[in-house]
Amino acid sequence: MKTFIYGLTDPETDEMRYVGKSNNPRIRYQHHLADKKTNPHKTAWIRRLSERGLKPNLVILEETTQRQWEERERYWIKRYRDEGAPLVNILEGGACFPVKILVESWRELISPFLSDAELAVFSKLPEETQKDICWQSAMDGMTESWVGIKQRGGNPEVEFSLGKQYLTARDTARGLLTLYGA
């Protein structure tokens with residue numbers, strides 16, 4: 001089965017801003033436009049465009065196979081980062097773990113999952129603890145991702161829900177914050 005590595009570019013500058021993978025890039029593009037929770041960097045960028053009546057452009061970078069997509073997605077993210085593109089990707093690409101988290105602020109990464117009061121507590125924690133909370137929240141959220149459901153033998157066509165994935169990550173973040181911040 002074929003799949004695609006695609007990019008989202010800035011409609012004014014043509015700069016690459018996001019690289020992803022999808023079996024159906026047009027449907028995935030619509031999800032990006034509607035998503036308000038999974039990637040605060042991407043969400044903020046798309047919101048700023050939308051406020052000016054603009055949308056990102058969808059560009060197909062390559063067609064690849066299900067066996068090679070992870071390596072190819074990582075390749076394109078690294079290529080654009082090396083070229084200095086202002087990517088809003090949080091991860092280095094691919095679904096294999098461990099992956100490197102590409103973020104400058106742990107607070108910004110966890111902010112969709114915590115209230116303002118919880119963020120204040122989070123901000124006072126040591127950076128290594130902030131990183132641990134973000135990492136574990138992401139991993140627990142991945143158990144409810146399309147890939148995570150398939151890896152545990154489930155049926156993602158029936159079980160997948162962005163809401164459930166978000167709630168799983170949020171609950172983990174809040175639980176760890178209570179553990180570390182108390």
# chains A, B, ... in the order shown; residues from 1 in each chain; ligands from 1

$ residues_around --residues "Trp45 of chain A" --least-positions-apart "5" --cutoff "9 Å" --atoms "only C-alpha atoms" --output "PyMOL selection string"
chain A and resi 17+40+50+88

$ write_last_selection --atoms "N, CA and C atoms" --output "short mmCIF file (atom, residue, chain, number, x, y, z; two decimals), in the first residue's frame"
data_model
loop_
_atom_site.label_atom_id
_atom_site.label_comp_id
_atom_site.auth_asym_id
_atom_site.auth_seq_id
_atom_site.Cartn_x
_atom_site.Cartn_y
_atom_site.Cartn_z
N ARG A 17 6.76 24.56 6.48
CA ARG A 17 6.50 24.78 7.90
C ARG A 17 6.18 23.49 8.65
N PRO A 40 0.74 22.71 19.63
CA PRO A 40 0.51 24.15 19.81
C PRO A 40 1.27 25.02 18.82
N SER A 50 -5.05 31.99 9.36
CA SER A 50 -6.50 32.07 9.26
C SER A 50 -7.02 33.48 9.59
N VAL A 88 7.28 23.62 12.30
CA VAL A 88 6.50 23.58 13.54
C VAL A 88 6.31 22.14 14.03
#

$ residues_around --residues "segment 164-173 of chain A" --least-positions-apart "2" --cutoff "12 Å" --atoms "only C-alpha atoms" --output "PyMOL selection string"
chain A and resi 35-39+106-107+109-115+118-119+122+129-149+156+159-162+175-181

$ select_by_dssp --residues "segment 48-92 of chain A" --states "strand (DSSP E)" --output "list in words"
Asn57, Leu58, Val59, Ile60, Leu61, Glu62, Glu63, Thr64 and Thr65 of chain A

$ write_last_selection --atoms "N, CA and C atoms" --output "short mmCIF file (atom, residue, chain, number, x, y, z; two decimals), in the first residue's frame"
data_model
loop_
_atom_site.label_atom_id
_atom_site.label_comp_id
_atom_site.auth_asym_id
_atom_site.auth_seq_id
_atom_site.Cartn_x
_atom_site.Cartn_y
_atom_site.Cartn_z
N ASN A 57 -0.45 25.84 2.27
CA ASN A 57 -0.51 25.06 1.04
C ASN A 57 -0.09 23.62 1.33
N LEU A 58 -0.77 22.68 0.71
CA LEU A 58 -0.43 21.26 0.82
C LEU A 58 0.45 20.88 -0.35
N VAL A 59 1.62 20.28 -0.04
CA VAL A 59 2.57 19.87 -1.07
C VAL A 59 2.92 18.41 -0.83
N ILE A 60 2.80 17.59 -1.86
CA ILE A 60 3.22 16.18 -1.76
C ILE A 60 4.72 16.14 -2.03
N LEU A 61 5.48 15.67 -1.04
CA LEU A 61 6.93 15.60 -1.18
C LEU A 61 7.36 14.30 -1.86
N GLU A 62 6.68 13.21 -1.51
CA GLU A 62 6.97 11.94 -2.17
C GLU A 62 5.92 10.90 -1.84
N GLU A 63 5.81 9.93 -2.72
CA GLU A 63 4.99 8.74 -2.49
C GLU A 63 5.96 7.66 -2.03
N THR A 64 5.58 6.94 -0.98
CA THR A 64 6.47 5.91 -0.45
C THR A 64 5.64 4.70 -0.03
N THR A 65 6.28 3.74 0.60
CA THR A 65 5.59 2.52 1.02
C THR A 65 5.35 2.55 2.53
#

$ residues_around --residues "Pro11 of chain A" --least-positions-apart "2" --cutoff "7 Å" --atoms "only C-alpha atoms" --output "ChimeraX atom specification"
/A:9,13-14,55-57

$ write_last_selection --atoms "N, CA and C atoms" --output "tab-separated table (two decimals), in the first residue's frame"
chain	number	residue	atom	x	y	z
A	9	THR	N	3.14	24.39	3.52
A	9	THR	CA	3.99	25.54	3.29
A	9	THR	C	3.23	26.83	3.57
A	13	THR	N	5.22	32.95	1.75
A	13	THR	CA	6.67	32.83	1.55
A	13	THR	C	7.09	31.53	0.86
A	14	ASP	N	6.18	30.58	0.79
A	14	ASP	CA	6.45	29.23	0.27
A	14	ASP	C	7.44	28.45	1.13
A	55	LYS	N	-4.62	30.05	4.28
A	55	LYS	CA	-4.46	28.66	4.70
A	55	LYS	C	-3.10	28.18	4.21
A	56	PRO	N	-2.51	27.20	4.91
A	56	PRO	CA	-1.26	26.63	4.40
A	56	PRO	C	-1.50	25.93	3.06
A	57	ASN	N	-0.45	25.84	2.27
A	57	ASN	CA	-0.51	25.06	1.04
A	57	ASN	C	-0.09	23.62	1.33

$ closest_residue --among "A:Val121, A:Ile46, A:Arg52, A:Trp76" --to "Gln30 of chain A" --atoms "only C-alpha atoms"
A:Ile46

$ atom_distance --atom1 "atom CA of Arg47 of chain A" --atom2 "atom CA of Arg28 of chain A"
16.9 Å

$ residues_around --residues "segment 78-87 of chain A" --least-positions-apart "4" --cutoff "9 Å" --atoms "only C-alpha atoms" --output "PyMOL selection string"
chain A and resi 15-19+41-42+73-74+92-93

$ write_last_selection --atoms "C-alpha atoms" --output "mmCIF file, in the first residue's frame"
data_model
loop_
_atom_site.group_PDB
_atom_site.id
_atom_site.type_symbol
_atom_site.label_atom_id
_atom_site.label_comp_id
_atom_site.auth_asym_id
_atom_site.auth_seq_id
_atom_site.Cartn_x
_atom_site.Cartn_y
_atom_site.Cartn_z
ATOM 1 C CA GLU A 15 8.617 28.205 3.257
ATOM 2 C CA MET A 16 8.121 24.642 4.448
ATOM 3 C CA ARG A 17 6.498 24.781 7.898
ATOM 4 C CA TYR A 18 5.361 21.195 8.589
ATOM 5 C CA VAL A 19 6.176 17.715 7.278
ATOM 6 C CA HIS A 41 3.222 25.364 17.395
ATOM 7 C CA LYS A 42 1.293 24.222 14.321
ATOM 8 C CA GLU A 73 9.405 11.330 7.006
ATOM 9 C CA ARG A 74 12.476 11.687 9.240
ATOM 10 C CA GLU A 92 11.603 14.257 14.435
ATOM 11 C CA GLY A 93 9.183 12.010 12.519
#

$ select_by_dssp --residues "segment 10-145 of chain A" --states "helix (DSSP H, G or I)" --output "PyMOL selection string"
chain A and resi 25-34+40-51+69-82+106-113+116-123+127-142

$ closest_residue --among "A:Val158, A:Gln66, A:Arg174, A:Arg72" --to "Ala117 of chain A" --atoms "only C-alpha atoms"
A:Arg174
